[in-house]
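Student: Have a peek at final05.cif (mmCIF, C-alpha atoms).
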data_upload
loop_
_atom_site.label_atom_id
_atom_site.label_comp_id
_atom_site.auth_asym_id
_atom_site.auth_seq_id
_atom_site.Cartn_x
_atom_site.Cartn_y
_atom_site.Cartn_z
CA MET S 150 117.49 166.90 121.56
CA ASN S 151 117.88 163.97 119.24
CA ASN S 152 115.25 161.74 117.63
CA LYS S 153 115.36 159.27 120.47
CA ASP S 154 114.54 161.96 123.03
CA ASP S 155 111.85 163.40 120.74
CA ILE S 156 110.13 160.10 120.25
CA ARG S 157 110.14 159.40 123.92
CA ILE S 158 108.79 162.79 124.95
CA LEU S 159 106.18 162.84 122.21
CA THR S 160 105.05 159.30 123.00
CA GLU S 161 104.58 160.24 126.62
CA ARG S 162 102.68 163.39 125.68
CA PHE S 163 100.64 161.34 123.19
CA PHE S 164 99.45 158.91 125.82
CA ASN S 165 98.73 161.76 128.16
CA GLY S 166 96.60 163.30 125.45
CA ASP S 167 98.69 166.46 125.32
CA THR S 168 99.96 166.31 121.73
CA THR S 169 98.82 168.59 119.01
CA ILE S 170 97.96 167.38 115.51
CA GLU S 171 101.31 168.54 114.28
CA GLU S 172 103.11 166.76 117.09
CA GLU S 173 101.22 163.57 116.37
CA LYS S 174 102.23 163.75 112.73
CA GLU S 175 105.79 164.22 113.83
CA LEU S 176 105.44 161.25 116.18
CA TYR S 177 104.14 159.02 113.41
CA ARG S 178 107.00 160.14 111.23
CA LEU S 179 109.50 159.23 113.94
CA TYR S 180 107.95 155.78 114.35
CA GLN S 181 108.30 155.24 110.62
CA GLY S 182 112.02 155.91 110.96
CA ARG S 183 114.83 153.56 111.89
CA TYR S 184 115.67 154.96 115.34
CA VAL S 185 112.83 153.68 117.48
CA PRO S 186 114.09 152.71 120.96
CA GLN S 187 113.66 149.06 121.87
CA ASP S 188 111.23 149.74 124.72
CA LEU S 189 108.96 151.75 122.38
CA GLN S 190 108.87 149.11 119.64
CA VAL S 191 105.60 147.82 121.10
CA TYR S 192 103.89 151.00 120.01
CA ARG S 193 105.38 151.00 116.53
CA GLU S 194 102.63 148.93 114.89
CA MET S 195 99.93 151.08 116.45
CA MET S 196 101.69 154.31 115.44
CA LEU S 197 102.09 153.09 111.86
CA ASP S 198 98.38 152.22 111.76
CA LEU S 199 97.51 155.64 113.15
CA ALA S 200 99.85 157.22 110.64
CA ALA S 201 98.11 155.31 107.83
CA ILE S 202 94.71 156.48 109.06
CA GLY S 203 96.04 160.03 109.24
CA VAL S 204 97.23 159.83 105.61
CA GLU S 205 93.82 158.54 104.47
CA GLU S 206 92.09 161.36 106.32
CA ASP S 207 94.43 163.86 104.69
CA THR S 208 93.76 162.35 101.28
CA THR S 209 89.99 162.53 101.90
CA THR S 210 90.33 166.17 102.86
CA VAL S 211 92.29 166.84 99.70
CA LYS S 212 89.67 165.02 97.65
CA GLN S 213 86.91 167.03 99.31
CA GLU S 214 88.76 170.21 98.51
CA ALA S 215 89.16 169.04 94.92
CA ILE S 216 85.40 168.67 94.48
CA VAL S 217 84.95 172.36 93.81
CA ILE S 218 82.21 173.30 91.35
CA PRO S 219 83.90 174.44 88.13
CA ILE S 220 83.36 178.11 87.37
CA TRP S 221 81.41 177.37 84.19
CA ARG S 222 78.88 175.35 86.19
CA ARG S 223 78.19 178.10 88.66
CA PRO S 224 74.81 179.84 88.16
CA LEU S 225 76.35 183.32 88.19
CA PHE S 226 78.82 182.37 85.50
CA ARG S 227 76.00 180.94 83.40
CA TRP S 228 74.03 184.17 83.70
CA ILE S 229 77.05 186.24 82.73
CA ALA S 230 77.72 183.90 79.78
CA ALA S 231 74.08 184.20 78.68
CA VAL S 232 74.22 188.02 78.83
CA VAL S 233 77.52 188.11 76.92
CA ALA S 234 76.10 185.74 74.30
CA LEU S 235 73.01 187.94 73.94
CA VAL S 236 75.13 191.07 73.55
CA VAL S 237 77.33 189.39 70.93
CA ILE S 238 74.38 187.98 68.98
CA GLY S 239 72.47 191.26 69.26
CA GLY S 240 75.49 193.22 68.11
CA THR S 241 76.13 190.89 65.20
CA THR S 242 72.49 191.02 64.15
CA THR S 243 72.40 194.81 64.40
CA LEU S 244 75.58 195.04 62.37
CA PHE S 245 74.15 192.64 59.80
CA ILE S 246 70.91 194.59 59.47
CA HIS S 247 72.81 197.87 59.40
CA ASN S 248 75.04 196.58 56.58
CA SER S 249 71.99 195.25 54.75
CA GLU S 250 70.50 198.74 54.88
CA GLU S 251 73.59 200.28 53.36
CA GLU S 252 73.96 199.95 49.63
CA CYS S 253 75.61 202.07 47.03
CA VAL S 254 76.10 200.31 43.74
CA ALA S 255 75.70 200.87 40.03
CA TYR S 256 75.73 198.38 37.20
CA ILE S 257 76.91 200.18 34.12
CA TYR S 258 76.08 197.93 31.20
CA GLY S 259 76.72 194.86 33.32
CA GLN S 260 79.84 196.27 34.98
CA LYS S 261 79.52 196.55 38.73
CA VAL S 262 80.65 199.88 40.17
CA THR S 263 80.85 200.53 43.89
CA ASP S 264 82.76 203.81 43.82
CA HIS S 265 80.58 206.10 45.92
CA ASN S 266 81.29 209.20 43.85
CA VAL S 267 80.55 207.47 40.56
CA VAL S 268 77.31 205.99 41.89
CA MET S 269 76.13 209.26 43.45
CA ASN S 270 77.01 211.13 40.26
CA GLU S 271 74.95 208.68 38.24
CA LEU S 272 72.10 209.08 40.74
CA SER S 273 72.29 212.85 40.43
CA GLN S 274 72.32 212.68 36.62
CA THR S 275 69.34 210.33 36.59
CA ALA S 276 67.40 212.54 38.97
CA MET S 277 68.24 215.59 36.87
CA SER S 278 67.08 213.91 33.65
CA MET S 279 63.81 212.94 35.29
CA ALA S 280 63.30 216.36 36.85
CA ASN S 281 64.06 218.07 33.53
CA SER S 282 61.66 215.80 31.72
CA CYS S 283 58.80 217.82 33.12
CA GLY S 284 60.13 220.84 31.31
CA ASP S 285 58.37 223.81 32.70
CA ASP S 286 57.85 224.56 36.35
CA ASP S 287 54.09 224.29 36.09
CA VAL S 288 54.21 220.57 35.55
CA ALA S 289 56.67 220.12 38.40
CA GLN S 290 54.49 222.19 40.65
CA GLN S 291 51.46 220.21 39.56
CA LEU S 292 53.21 216.97 40.46
CA ASP S 293 54.25 218.33 43.82
CA GLU S 294 50.71 219.41 44.54
CA MET S 295 49.45 216.01 43.55
CA PHE S 296 51.84 214.00 45.62
CA ASN S 297 52.29 216.15 48.68
CA MET C 120 68.54 181.42 69.65
CA LYS C 121 70.35 180.19 66.54
CA ARG C 122 67.00 179.62 64.86
CA TRP C 123 65.86 183.20 65.63
CA MET C 124 69.08 184.62 64.24
CA ILE C 125 68.62 182.76 60.95
CA ILE C 126 64.99 183.94 60.72
CA MET C 127 66.05 187.57 61.37
CA MET C 128 68.74 187.33 58.68
CA LEU C 129 66.26 185.93 56.16
CA VAL C 130 63.70 188.63 56.94
CA SER C 131 66.30 191.40 56.48
CA CYS C 132 67.42 189.89 53.16
CA GLN C 133 63.81 189.77 52.02
CA MET C 134 63.31 193.42 52.98
CA VAL C 135 66.37 194.45 51.00
CA ALA C 136 65.62 192.38 47.94
CA LEU C 137 61.95 193.13 47.50
CA ALA C 138 61.62 196.89 47.68
CA GLN C 139 59.51 197.09 44.50
CA LYS C 140 57.55 194.00 45.38
CA GLY C 141 53.92 194.34 44.48
CA LEU C 142 54.54 196.28 41.30
CA HIS C 143 54.38 194.70 37.88
CA ILE C 144 57.27 196.91 36.81
CA GLU C 145 59.38 194.97 39.32
CA SER C 146 60.25 192.51 36.53
CA LEU C 147 61.87 195.39 34.63
CA PHE C 148 64.03 196.22 37.69
CA ALA C 149 64.85 192.53 37.95
CA GLY C 150 66.26 192.55 34.41
CA LYS C 151 63.57 190.27 33.04
CA VAL C 152 62.41 192.66 30.31
CA VAL C 153 65.64 194.32 29.25
CA PRO C 154 68.94 192.54 29.88
CA GLN C 155 71.07 194.18 32.56
CA GLU C 156 74.02 194.32 30.15
CA ARG C 157 72.11 196.99 28.22
CA MET C 158 71.22 199.09 31.25
CA VAL C 159 72.72 201.52 33.65
CA GLU C 160 71.30 200.57 37.01
CA THR C 161 71.79 202.56 40.19
CA ARG C 162 70.84 201.23 43.59
CA VAL C 163 71.43 203.29 46.72
CA ARG C 164 70.16 202.65 50.21
CA GLY C 165 71.02 204.14 53.57
CA ARG C 166 73.03 207.10 54.80
CA SER C 167 73.98 208.42 51.34
CA LEU C 168 70.33 209.34 50.80
CA SER C 169 69.51 210.75 54.22
CA LYS C 170 70.14 214.34 53.09
CA TYR C 171 67.37 213.94 50.50
CA GLY C 172 64.93 212.38 52.95
CA LEU C 173 65.06 209.08 51.10
CA THR C 174 65.85 205.59 52.28
CA TYR C 175 66.03 203.83 48.93
CA PHE C 176 66.69 204.85 45.34
CA HIS C 177 66.67 202.51 42.39
CA SER C 178 66.97 203.70 38.82
CA LEU C 179 67.34 202.24 35.36
CA ARG C 180 68.51 203.92 32.19
CA PHE C 181 68.51 202.16 28.85
CA SER C 182 67.54 202.18 25.19
CA MET C 183 64.62 199.99 24.43
CA LYS C 184 63.44 198.03 21.46
CA ASP C 185 59.88 198.06 20.16
CA LYS C 186 59.02 194.71 21.66
CA GLU C 187 60.38 195.82 25.02
CA GLN C 188 58.44 199.06 24.85
CA LYS C 189 55.21 197.14 24.47
CA GLU C 190 56.01 194.94 27.41
CA ILE C 191 57.05 197.85 29.64
CA ARG C 192 53.92 199.82 28.81
CA ARG C 193 51.82 196.77 29.53
CA LEU C 194 53.45 196.46 32.95
CA LEU C 195 52.93 200.15 33.67
CA LYS C 196 49.31 199.92 32.63
CA GLN C 197 48.81 197.03 35.02
CA ASP C 198 50.41 199.03 37.82
CA LEU C 199 48.11 201.97 37.20
CA GLU C 200 44.97 199.90 36.95
CA GLY C 201 42.56 200.35 39.80
CA ARG C 202 44.53 203.17 41.40
CA PRO C 203 42.83 206.45 42.31
CA GLU C 204 43.45 209.10 39.66
CA GLN C 205 45.00 211.46 42.14
CA ASP C 206 47.80 208.95 42.75
CA TYR C 207 49.29 209.11 39.29
CA GLU C 208 49.96 211.38 36.33
CA THR C 209 50.60 210.25 32.78
CA SER C 210 51.41 212.23 29.68
CA SER C 211 52.11 211.16 26.17
CA ASP C 212 53.05 212.75 22.87
CA TYR C 213 55.08 211.81 19.84
CA GLU C 214 58.42 212.21 21.63
CA ASN C 215 57.62 211.40 25.21
CA TYR C 216 55.69 209.07 27.43
CA LYS C 217 55.72 209.77 31.16
CA VAL C 218 54.24 208.16 34.22
CA PHE C 219 54.47 209.42 37.76
CA LEU C 220 52.94 207.14 40.34
CA GLN C 221 52.64 207.76 44.03
CA LEU C 222 52.29 204.40 45.75
CA PRO C 223 50.49 203.88 49.03
CA PRO C 224 52.87 204.81 51.85
CA GLN C 225 54.20 202.18 54.22
CA GLY C 226 53.89 203.93 57.55
CA THR C 227 55.85 207.16 57.18
CA THR C 228 57.66 205.89 54.11
CA LYS C 229 56.42 207.38 50.88
CA ARG C 230 57.01 205.47 47.65
CA MET C 231 57.20 206.86 44.17
CA LEU C 232 57.71 205.48 40.71
CA CYS C 233 58.77 207.77 37.87
CA TYR C 234 58.95 206.61 34.28
CA ARG C 235 60.02 208.56 31.24
CA GLU C 236 60.41 207.57 27.62
CA HIS C 237 62.05 209.98 25.23
CA TYR C 238 62.01 208.24 21.86
CA GLU C 239 63.75 204.94 22.64
CA GLN C 240 65.54 206.30 25.71
CA VAL C 241 64.00 205.14 28.98
CA LEU C 242 64.52 206.32 32.50
CA VAL C 243 62.83 204.64 35.48
CA ILE C 244 63.16 205.67 39.09
CA TYR C 245 61.72 203.99 42.12
CA MET C 246 62.31 205.75 45.43
CA GLU C 247 61.27 205.38 49.03
CA GLY C 248 61.54 207.61 52.05
CA PRO C 249 59.70 210.09 54.24
CA GLU C 250 60.28 212.83 51.65
CA ALA C 251 59.99 210.85 48.43
CA SER C 252 58.41 213.24 45.94
CA PHE C 253 59.04 214.96 42.64
CA LYS C 254 60.63 217.81 44.56
CA THR C 255 63.20 215.37 45.91
CA LEU C 256 64.35 214.65 42.38
CA GLU C 257 64.94 218.35 41.84
CA LYS C 258 66.88 218.49 45.07
CA MET C 259 68.97 215.51 44.04
CA SER C 260 69.82 217.01 40.71
CA ASN C 261 70.80 220.30 42.34
CA LYS C 262 68.43 222.05 40.01
#
Show how you would write the structure in this file as structure tokens.

Tutor:
Amino acid sequence: MNNKDDIRILTERFFNGDTTIEEEKELYRLYQGRYVPQDLQVYREMMLDLAAIGVEEDTTTVKQEAIVIPIWRRPLFRWIAAVVALVVIGGTTTLFIHNSEEECVAYIYGQKVTDHNVVMNELSQTAMSMANSCGDDDVAQQLDEMFN
Amino acid sequence: MKRWMIIMMLVSCQMVALAQKGLHIESLFAGKVVPQERMVETRVRGRSLSKYGLTYFHSLRFSMKDKEQKEIRRLLKQDLEGRPEQDYETSSDYENYKVFLQLPPQGTTKRMLCYREHYEQVLVIYMEGPEASFKTLEKMSNK
């Protein structure tokens, strides 16, 4: 079957109301072509108009499909984003507070020392000097009784 | 949310910076009486102290001058003023001057200030924690 036969059969089916959407599209396409038989030229203008309407409808459909709500505007996404933000902020804050609560530093005559062993050794020496300052055990015991 | 985060950060900084707040001797820890260049200062907070039952330890070790001694003793006297006698112990002789002060606890956190002068040598310890006591010092020194 060539285009001339197609156009004839489809035109007949079209006017009988038997064509499918796809067949109608094909029919419009054929009328847009160069090989339209002379006796069917009378329908050409109408078919081109119908084809134009069909294209507009298609475009509208495409546009309607394009108006999809972006994911970041969807309520669920917003909730998830809020929860993630809370977790991140909470984590950062916890980390910040945790780091603020950790300190191990000595300033030895203006010189900053952060070596854990050096600082803890200094701490131990200081504690020992203070503990020894009470001399005998009686005083130490007395202090313990007082403060405990 | 951003505002709350800033407030939380400021509050935590305050908590860290002002452990001795409320004591007159705080100005000594702040280096306002004796310059920090002449001191050995130790500041420990957190996990390193957990085995001693402490949360904070701050000490100073230095040699003082006469003028500084007067100022320090004045500060100590002010800190002892008005406190119940059972909260502190002082002793003094030609060689030594000692002050042990148990501060009112903050919840379960006990607070203690220890001060010792041996001639011109000074040792000050401020400590906090559920087990802050003289015994803790012994434990820390592995005595």

Student: How would you write as a ChimeraX atom specification the residues that get within 7 Å of (57.0, 205.8, 31.1) in the file's frame, counting only C-alpha atoms?

Tutor: /C:216-218,234-236

Student: Counting all atoms listed in the file, write as a ChimeraX atom specification all protein and nucleic acid residues lying at most 7 Å from (69.6, 197.2, 27.3) in the file's frame.

Tutor: /C:153-158,181-183

Student: Would you kindly translate the PyMOL selection byres ((chain S) within 6 of (chain C)) into the concrete residues it picks from this file, as a ChimeraX atom specification?

Tutor: /S:250-259,273,276-277,280,293

Student: Enter the distance from CA of Gly239 in chain S to CA of Arg227 in chain S, in Å, rounded to one decimal.

Tutor: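 About the pair CA of Gly239 in chain S and CA of Arg227 in chain S: they are 17.9 Å apart.
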
Student: Pick out the closest residue to Val241 in chain C from this set: C:Lys196, C:Leu147, C:Pro223, C:Gly201. Count all atoms listed in the file.

Tutor: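 Ranking C:Lys196, C:Leu147, C:Pro223, C:Gly201 by distance to Val241 in chain C, first place goes to C:Leu147.
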
Student: Could you list, as a ChimeraX atom specification, every residue matched by the PyMOL selection byres ((chain C and resi 143) around 7) in this structure?

Tutor: /C:141-142,144-146,194,197-198

Student: Work out where the centre of an axis-aligned box around every listed atom of range 224-232 of chain C lies and how long its edges are once 5 Å is added on each side; give both in Å to one decimal as JSON.

Tutor:
{"center_x": 55.3, "center_y": 204.8, "center_z": 49.1, "size_x": 14.8, "size_y": 15.2, "size_z": 26.8}

Student: Could you work out how far CA of Thr275 in chain S lies from CA of Ile191 in chain C, giving the answer in Å with one decimal?

Tutor: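 Taking CA of Ile191 in chain C as the start and CA of Thr275 in chain S as the end point, the length is 18.8 Å.
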
Student: Given the choices S:Arg223, S:Arg157, S:His265, S:Arg193, which gets closest to Tyr177 in chain S if the distance is worked out from all atoms listed in the file?

Tutor: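 Closest candidate: S:Arg193.
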
Student: Can you tell me how far CA of Tyr184 in chain S sits from CA of Glu172 in chain S, in Å to one decimal?

Tutor: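 So the answer is 17.3 Å.
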